[in-house]
file start_20.cif (mmCIF, C-alpha atoms and all ligand atoms)
data_coords
loop_
_atom_site.label_atom_id
_atom_site.label_comp_id
_atom_site.auth_asym_id
_atom_site.auth_seq_id
_atom_site.Cartn_x
_atom_site.Cartn_y
_atom_site.Cartn_z
CA MET A 1 18.14 -12.31 -14.77
CA ASP A 2 15.65 -11.14 -17.39
CA ASP A 3 12.65 -8.91 -16.67
CA ARG A 4 10.20 -11.78 -16.53
CA GLU A 5 12.27 -13.70 -14.02
CA ARG A 6 12.83 -10.56 -11.95
CA ALA A 7 9.11 -9.77 -11.96
CA LEU A 8 8.30 -13.30 -10.79
CA GLN A 9 10.93 -13.12 -8.05
CA VAL A 10 9.50 -9.80 -6.87
CA HIS A 11 6.05 -11.33 -6.85
CA ALA A 12 7.22 -14.35 -4.87
CA VAL A 13 8.72 -12.11 -2.17
CA LEU A 14 5.65 -9.88 -2.02
CA ALA A 15 3.36 -12.92 -1.87
CA GLU A 16 4.97 -13.85 1.45
CA ILE A 17 4.33 -10.38 2.82
CA TYR A 18 0.85 -9.99 1.37
CA PRO A 19 -0.81 -13.41 1.26
CA ASP A 20 -4.30 -11.89 1.04
CA THR A 21 -5.01 -10.15 -2.26
CA ARG A 22 -8.65 -9.30 -1.68
CA SER A 23 -9.41 -5.64 -2.35
CA PRO A 24 -9.34 -3.49 0.81
CA LEU A 25 -12.69 -2.05 -0.35
CA TRP A 26 -15.70 -3.33 1.55
CA PHE A 27 -18.18 -5.22 -0.65
CA GLU A 28 -20.53 -8.18 -0.52
CA ASN A 29 -21.50 -8.47 -4.18
CA GLY A 30 -20.55 -7.34 -7.65
CA PHE A 31 -22.78 -4.28 -7.71
CA GLN A 32 -21.23 -3.04 -4.47
CA LEU A 33 -17.67 -3.68 -5.65
CA LEU A 34 -18.18 -1.92 -8.97
CA THR A 35 -19.77 1.06 -7.23
CA ALA A 36 -17.06 1.20 -4.55
CA VAL A 37 -14.24 1.07 -7.11
CA ILE A 38 -15.78 3.97 -9.05
CA LEU A 39 -16.06 5.94 -5.81
CA SER A 40 -12.45 5.19 -4.84
CA ALA A 41 -11.02 7.42 -7.60
CA GLN A 42 -9.02 10.28 -6.06
CA THR A 43 -9.77 9.22 -2.51
CA THR A 44 -8.75 6.44 -0.13
CA ASP A 45 -10.34 3.01 0.17
CA ALA A 46 -10.85 3.73 3.89
CA GLN A 47 -12.90 6.80 3.06
CA VAL A 48 -15.11 4.79 0.68
CA ASN A 49 -15.48 2.03 3.28
CA ARG A 50 -16.72 4.59 5.80
CA ILE A 51 -19.68 5.62 3.64
CA ALA A 52 -20.33 2.17 2.10
CA PRO A 53 -22.67 0.78 4.80
CA ARG A 54 -24.96 3.82 4.60
CA LEU A 55 -24.82 3.92 0.80
CA PHE A 56 -25.66 0.25 0.30
CA ALA A 57 -28.31 0.22 3.02
CA ALA A 58 -30.09 3.01 1.12
CA TYR A 59 -29.36 1.58 -2.36
CA PRO A 60 -28.81 -2.18 -2.16
CA ASP A 61 -28.89 -2.88 -5.90
CA ALA A 62 -28.69 -1.35 -9.36
CA GLU A 63 -32.45 -0.81 -9.48
CA THR A 64 -32.63 1.32 -6.33
CA LEU A 65 -29.46 3.25 -7.18
CA ALA A 66 -30.65 3.98 -10.73
CA ALA A 67 -33.80 5.54 -9.22
CA ALA A 68 -31.94 7.51 -6.53
CA ASP A 69 -32.63 11.16 -5.89
CA LEU A 70 -29.40 12.93 -6.82
CA LEU A 71 -29.39 15.25 -3.80
CA ASP A 72 -29.93 12.37 -1.38
CA LEU A 73 -27.09 10.52 -3.03
CA GLU A 74 -24.77 13.53 -2.90
CA ARG A 75 -25.43 13.90 0.83
CA ILE A 76 -24.13 10.37 1.44
CA LEU A 77 -21.17 10.74 -0.92
CA ARG A 78 -19.98 14.15 0.27
CA PRO A 79 -17.07 12.76 2.39
CA VAL A 80 -15.44 10.99 -0.58
CA GLY A 81 -14.82 14.17 -2.59
CA PHE A 82 -15.93 14.97 -6.14
CA PHE A 83 -19.28 13.82 -4.79
CA ARG A 84 -21.42 15.53 -7.41
CA SER A 85 -19.76 13.88 -10.39
CA LYS A 86 -19.44 10.57 -8.52
CA ALA A 87 -23.15 10.64 -7.64
CA ARG A 88 -24.02 11.15 -11.30
CA ASN A 89 -21.55 8.47 -12.37
CA ILE A 90 -22.65 5.70 -10.05
CA ARG A 91 -26.32 6.42 -10.74
CA ALA A 92 -25.70 6.34 -14.51
CA THR A 93 -23.67 3.14 -14.12
CA ALA A 94 -26.51 1.53 -12.18
CA ALA A 95 -28.99 2.60 -14.88
CA ALA A 96 -26.76 1.15 -17.62
CA LEU A 97 -26.31 -2.09 -15.65
CA LEU A 98 -30.06 -2.37 -15.39
CA GLU A 99 -30.76 -1.46 -18.99
CA ARG A 100 -28.11 -3.53 -20.72
CA PHE A 101 -27.02 -6.27 -18.30
CA GLY A 102 -30.16 -7.09 -16.29
CA GLY A 103 -28.74 -5.35 -13.21
CA GLU A 104 -25.75 -7.73 -13.08
CA VAL A 105 -22.08 -6.85 -13.42
CA PRO A 106 -20.76 -8.15 -16.77
CA ARG A 107 -17.76 -10.48 -16.73
CA GLY A 108 -15.78 -8.90 -19.56
CA ILE A 109 -13.44 -5.92 -19.48
CA GLU A 110 -14.77 -4.73 -22.83
CA ASP A 111 -18.41 -4.77 -21.60
CA LEU A 112 -17.47 -3.13 -18.31
CA THR A 113 -15.66 -0.26 -20.00
CA THR A 114 -18.85 0.66 -21.87
CA LEU A 115 -20.37 1.69 -18.53
CA PRO A 116 -20.18 5.35 -17.49
CA GLY A 117 -17.30 6.07 -15.12
CA VAL A 118 -15.66 2.68 -15.74
CA GLY A 119 -12.17 2.70 -17.25
CA ARG A 120 -9.76 -0.20 -17.72
CA LYS A 121 -8.36 0.15 -14.20
CA THR A 122 -11.79 -0.25 -12.61
CA ALA A 123 -12.73 -3.04 -15.02
CA ASN A 124 -9.53 -4.97 -14.22
CA VAL A 125 -10.17 -4.73 -10.47
CA VAL A 126 -13.74 -5.92 -10.90
CA VAL A 127 -13.08 -8.91 -13.17
CA SER A 128 -10.17 -10.13 -11.06
CA GLN A 129 -11.84 -9.66 -7.69
CA LEU A 130 -15.29 -10.93 -8.69
CA PHE A 131 -14.69 -13.54 -11.33
CA GLY A 132 -11.08 -14.63 -10.91
CA VAL A 133 -10.32 -13.39 -14.43
CA PRO A 134 -6.65 -12.39 -14.78
CA GLY A 135 -6.49 -8.63 -14.42
CA ILE A 136 -4.01 -5.89 -13.68
CA ALA A 137 -5.27 -2.52 -12.47
CA VAL A 138 -2.66 0.03 -13.46
CA ASP A 139 -3.22 2.79 -10.96
CA THR A 140 -0.68 5.35 -9.80
CA HIS A 141 0.99 2.83 -7.44
CA VAL A 142 1.33 0.04 -9.98
CA MET A 143 2.58 2.49 -12.58
CA ARG A 144 5.24 3.95 -10.26
CA VAL A 145 6.49 0.65 -8.86
CA THR A 146 6.70 -1.17 -12.20
CA GLN A 147 8.63 1.82 -13.59
CA ARG A 148 11.07 1.89 -10.68
CA LEU A 149 11.53 -1.86 -10.90
CA GLY A 150 12.50 -1.35 -14.52
CA LEU A 151 9.66 -3.56 -15.78
CA THR A 152 8.35 -0.79 -18.04
CA GLU A 153 9.45 2.52 -19.44
CA SER A 154 5.96 3.52 -20.44
CA LYS A 155 3.88 6.22 -18.78
CA ASP A 156 0.67 5.02 -20.39
CA PRO A 157 -1.47 2.80 -18.12
CA VAL A 158 -2.97 0.81 -20.99
CA ALA A 159 0.48 0.13 -22.48
CA ILE A 160 1.75 -0.93 -19.03
CA GLU A 161 -1.25 -3.24 -18.63
CA HIS A 162 -0.38 -4.97 -21.91
CA GLU A 163 3.33 -5.15 -21.05
CA MET A 164 2.56 -6.77 -17.70
CA ARG A 165 0.12 -9.18 -19.34
CA ALA A 166 2.96 -10.26 -21.63
CA LEU A 167 5.40 -10.58 -18.71
CA ILE A 168 3.35 -12.21 -15.95
CA PRO A 169 1.59 -15.57 -16.36
CA ASP A 170 -2.22 -15.36 -16.22
CA ASP A 171 -2.50 -17.30 -13.00
CA GLN A 172 -0.31 -14.76 -11.19
CA LEU A 173 -1.46 -11.55 -12.83
CA SER A 174 -4.22 -10.49 -10.40
CA GLY A 175 -2.06 -11.30 -7.38
CA PHE A 176 0.88 -9.42 -8.88
CA SER A 177 -1.37 -6.41 -9.46
CA MET A 178 -2.66 -6.23 -5.88
CA ARG A 179 0.74 -6.92 -4.30
CA ILE A 180 2.54 -4.30 -6.37
CA ASN A 181 -0.22 -1.91 -5.36
CA PHE A 182 0.22 -2.77 -1.65
CA HIS A 183 3.99 -2.44 -1.99
CA GLY A 184 3.54 0.99 -3.57
CA ARG A 185 1.29 2.17 -0.77
CA ASN A 186 3.42 0.80 2.06
CA CYS A 187 7.04 0.89 0.95
CA CYS A 188 7.73 2.20 -2.54
CA THR A 189 5.82 5.41 -1.92
CA ALA A 190 5.75 8.29 -4.38
CA ARG A 191 7.68 10.83 -2.37
CA ARG A 192 10.05 8.69 -0.36
CA PRO A 193 10.54 5.06 -1.34
CA ALA A 194 11.89 3.12 1.64
CA CYS A 195 14.64 1.46 -0.42
CA ASP A 196 16.76 0.68 2.67
CA ASP A 197 13.98 -1.49 4.09
CA CYS A 198 12.57 -2.76 0.81
CA PRO A 199 12.14 -6.55 0.61
CA VAL A 200 12.63 -6.56 -3.17
CA ARG A 201 15.57 -4.19 -3.28
CA ARG A 202 17.91 -6.81 -4.69
CA PHE A 203 15.74 -7.04 -7.80
CA CYS A 204 15.36 -3.29 -8.27
CA PRO A 205 17.51 -1.09 -10.51
CA TYR A 206 16.06 2.16 -9.16
CA PRO A 207 18.92 4.69 -9.27
CA GLU A 208 18.68 5.57 -5.58
CA ASN A 209 20.12 2.23 -4.55
CA THR A 210 22.56 1.55 -7.34
CA HIS A 211 25.41 3.36 -5.60
CA ASP A 212 25.82 0.89 -2.71
CA ARG A 213 25.02 -2.47 -4.28
S1 LIG B 1 14.16 -0.68 -3.90
FE1 LIG B 1 13.18 1.31 -3.63
S2 LIG B 1 12.48 1.89 -5.66
FE2 LIG B 1 12.91 -0.31 -5.72
S3 LIG B 1 10.93 -1.28 -5.28
FE3 LIG B 1 12.02 -1.06 -3.36
S4 LIG B 1 11.29 0.87 -2.49
FE4 LIG B 1 10.76 0.85 -4.66
#
call {"tool": "encode", "arguments": {"input": "start_20.cif", "output": "C-alpha cells", "more": "lines below"}}
Ligand code: SF4
result
Amino acid sequence: MDDRERALQVHAVLAEIYPDTRSPLWFENGFQLLTAVILSAQTTDAQVNRIAPRLFAAYPDAETLAAADLLDLERILRPVGFFRSKARNIRATAAALLERFGGEVPRGIEDLTTLPGVGRKTANVVVSQLFGVPGIAVDTHVMRVTQRLGLTESKDPVAIEHEMRALIPDDQLSGFSMRINFHGRNCCTARRPACDDCPVRRFCPYPENTHDR
C-alpha cells in the first residue's frame, strides 16, 4: 500500500470516529473565528471558548476591536495566557481587516497571512472552516501524527502542508486535517500514544508497534 492509499485509509477510519469536522472553537462569524484562532495559540480551545462570549459581547466586529482600549482588552484575555501580546495582535489584526479588507475576513491564504499574528496554520483553519476552501492546518498534533504515520519525514510545517496537499485530494484535505488533529489530541498523544487502542494502527509504521505485528 503506498502512502497515498494509506493516508486515505486512515482518513476513512477516522471519518467514522469523527464525523463532525467543525472547529471546537466557538464562533458565529468570520471575524470571531479568525480572532479565536489567533487566541488559541499556546492554549486550549476550551480556554478560548470560556472568554469568547465576553470578548465578542464587548467587541462584536473588527471596528470595535480595532478601537479597543488595550488594558480593557488585556483584562478579558488574561486567562488565555500571553494576553499582552495577544491583545496587541488581535487589535492590530482587526485594524488591518478594517483598513485593507473592509472589516471582512479575506478568502485567500496569501491575503490572510499578511495580517498581524496570522500564519499559515491560522489561515488554513480559517479558509477551510469559513469558506470550504481545502486547507490543512499543520499544528503540533498534525505534525506529530503525520510523522508517526510515516506520511512525512519533514519537521517543517509548511513543507508538511505541501506534502499533504500533494497526497490528499482537495475534497478531503480539510476533513483530513481536523481528524488527524482530533486523533492526535485523543489517541496519538505526544507523550504516550495509545497504540494498543489505536483505530488506525494497522496502517501505522510507528516503531512502538512494529515488534508485534
Ligand atoms: S499506532 Fe500509535 S503512533 Fe500510530 S497513529 Fe496510532 S497511536 Fe499514533
call {"tool": "residues_near_ligand", "arguments": {"input": "start_20.cif", "ligand": "ligand LIG 1 (chain B)", "cutoff": "10 Å", "atoms": "only C-alpha atoms and all ligand atoms", "output": "short mmCIF file (atom, residue, chain, number, x, y, z; two decimals) with C-alpha atoms, keeping the file's coordinate frame"}}
result
data_model
loop_
_atom_site.label_atom_id
_atom_site.label_comp_id
_atom_site.auth_asym_id
_atom_site.auth_seq_id
_atom_site.Cartn_x
_atom_site.Cartn_y
_atom_site.Cartn_z
CA VAL A 10 9.50 -9.80 -6.87
CA ARG A 144 5.24 3.95 -10.26
CA VAL A 145 6.49 0.65 -8.86
CA THR A 146 6.70 -1.17 -12.20
CA GLN A 147 8.63 1.82 -13.59
CA ARG A 148 11.07 1.89 -10.68
CA LEU A 149 11.53 -1.86 -10.90
CA GLY A 150 12.50 -1.35 -14.52
CA ILE A 180 2.54 -4.30 -6.37
CA HIS A 183 3.99 -2.44 -1.99
CA GLY A 184 3.54 0.99 -3.57
CA ASN A 186 3.42 0.80 2.06
CA CYS A 187 7.04 0.89 0.95
CA CYS A 188 7.73 2.20 -2.54
CA THR A 189 5.82 5.41 -1.92
CA ALA A 190 5.75 8.29 -4.38
CA ARG A 192 10.05 8.69 -0.36
CA PRO A 193 10.54 5.06 -1.34
CA ALA A 194 11.89 3.12 1.64
CA CYS A 195 14.64 1.46 -0.42
CA ASP A 196 16.76 0.68 2.67
CA ASP A 197 13.98 -1.49 4.09
CA CYS A 198 12.57 -2.76 0.81
CA PRO A 199 12.14 -6.55 0.61
CA VAL A 200 12.63 -6.56 -3.17
CA ARG A 201 15.57 -4.19 -3.28
CA ARG A 202 17.91 -6.81 -4.69
CA PHE A 203 15.74 -7.04 -7.80
CA CYS A 204 15.36 -3.29 -8.27
CA PRO A 205 17.51 -1.09 -10.51
CA TYR A 206 16.06 2.16 -9.16
CA PRO A 207 18.92 4.69 -9.27
CA GLU A 208 18.68 5.57 -5.58
CA ASN A 209 20.12 2.23 -4.55
CA THR A 210 22.56 1.55 -7.34
#
call {"tool": "closest_residue", "arguments": {"input": "start_20.cif", "among": "A:Glu63, A:Glu153, A:Asp72, A:Glu104", "to": "Ala92 in chain A", "atoms": "all atoms listed in the file"}}
result
A:Glu63
call {"tool": "closest_residue", "arguments": {"input": "start_20.cif", "among": "A:Ser128, A:Gln42, A:Thr114, A:Thr21", "to": "Leu97 in chain A", "atoms": "all atoms listed in the file"}}
result
A:Thr114
call {"tool": "closest_residue", "arguments": {"input": "start_20.cif", "among": "A:Pro157, A:Gly108, A:Gln32, A:Val118", "to": "Arg54 in chain A", "atoms": "only C-alpha atoms"}}
result
A:Gln32
call {"tool": "atom_distance", "arguments": {"input": "start_20.cif", "atom1": "CA of Ile160 in chain A", "atom2": "CA of Leu112 in chain A"}}
result
19.4 Å
call {"tool": "atom_distance", "arguments": {"input": "start_20.cif", "atom1": "CA of Ile168 in chain A", "atom2": "CA of Thr44 in chain A"}}
result
27.3 Å
call {"tool": "residues_around", "arguments": {"input": "start_20.cif", "residues": "Ile51 in chain A", "least_positions_apart": "6", "cutoff": "8 Å", "atoms": "only C-alpha atoms", "output": "PyMOL selection string"}}
result
chain A and resi 76-77+79
call {"tool": "write_last_selection", "arguments": {"input": "start_20.cif", "atoms": "C-alpha atoms", "output": "mmCIF file, keeping the file's coordinate frame"}}
result
data_model
loop_
_atom_site.group_PDB
_atom_site.id
_atom_site.type_symbol
_atom_site.label_atom_id
_atom_site.label_comp_id
_atom_site.auth_asym_id
_atom_site.auth_seq_id
_atom_site.Cartn_x
_atom_site.Cartn_y
_atom_site.Cartn_z
ATOM 1 C CA ILE A 76 -24.130 10.370 1.440
ATOM 2 C CA LEU A 77 -21.170 10.740 -0.920
ATOM 3 C CA PRO A 79 -17.070 12.760 2.390
#
call {"tool": "residues_around", "arguments": {"input": "start_20.cif", "residues": "Pro134 in chain A", "least_positions_apart": "3", "cutoff": "9 Å", "atoms": "only C-alpha atoms", "output": "PyMOL selection string"}}
result
chain A and resi 124+127-128+131+165+169-175
call {"tool": "closest_atom_pairs", "arguments": {"input": "start_20.cif", "of": "range 36-132 of chain A", "to": "range 136-141 of chain A", "cutoff": "12 Å", "atoms": "all atoms listed in the file", "output": "tab-separated table"}}
result
residue	atom	partner	partner_atom	distance
A:Val37	CA	A:Ala137	CA	11.0
A:Ser40	CA	A:Asp139	CA	11.3
A:Ala41	CA	A:Asp139	CA	9.7
A:Gln42	CA	A:Thr140	CA	10.4
A:Ile109	CA	A:Ile136	CA	11.1
A:Gly119	CA	A:Ala137	CA	9.9
A:Arg120	CA	A:Ala137	CA	7.3
A:Lys121	CA	A:Ala137	CA	4.4
A:Thr122	CA	A:Ala137	CA	6.9
A:Ala123	CA	A:Ala137	CA	7.9
A:Asn124	CA	A:Ala137	CA	5.2
A:Val125	CA	A:Ala137	CA	5.7
A:Val126	CA	A:Ala137	CA	9.3
A:Val127	CA	A:Ile136	CA	9.6
A:Ser128	CA	A:Ile136	CA	7.9
A:Gln129	CA	A:Ile136	CA	10.6
A:Gly132	CA	A:Ile136	CA	11.6
call {"tool": "residues_around", "arguments": {"input": "start_20.cif", "residues": "range 56-59 of chain A", "least_positions_apart": "6", "cutoff": "9 Å", "atoms": "all atoms listed in the file", "output": "list in words"}}
result
Gln32, Leu65, Ala66 and Ala68 of chain A
call {"tool": "atom_distance", "arguments": {"input": "start_20.cif", "atom1": "CA of Gly30 in chain A", "atom2": "CA of Thr93 in chain A"}}
result
12.7 Å
call {"tool": "closest_residue", "arguments": {"input": "start_20.cif", "among": "A:Arg191, A:Gly103, A:Met1, A:Phe182", "to": "Tyr18 in chain A", "atoms": "only C-alpha atoms"}}
result
A:Phe182
call {"tool": "closest_residue", "arguments": {"input": "start_20.cif", "among": "A:Ala94, A:Met164, A:Val48, A:Leu151", "to": "Asp3 in chain A", "atoms": "only C-alpha atoms"}}
result
A:Leu151
call {"tool": "closest_residue", "arguments": {"input": "start_20.cif", "among": "A:Leu14, A:Arg91, A:Gly135, A:Met143", "to": "Ala159 in chain A", "atoms": "only C-alpha atoms"}}
result
A:Met143
call {"tool": "residues_around", "arguments": {"input": "start_20.cif", "residues": "Ile90 in chain A", "least_positions_apart": "5", "cutoff": "10 Å", "atoms": "all atoms listed in the file", "output": "PyMOL selection string"}}
result
chain A and resi 34-36+38-39+62+65-66+73+85+95-96+115-118
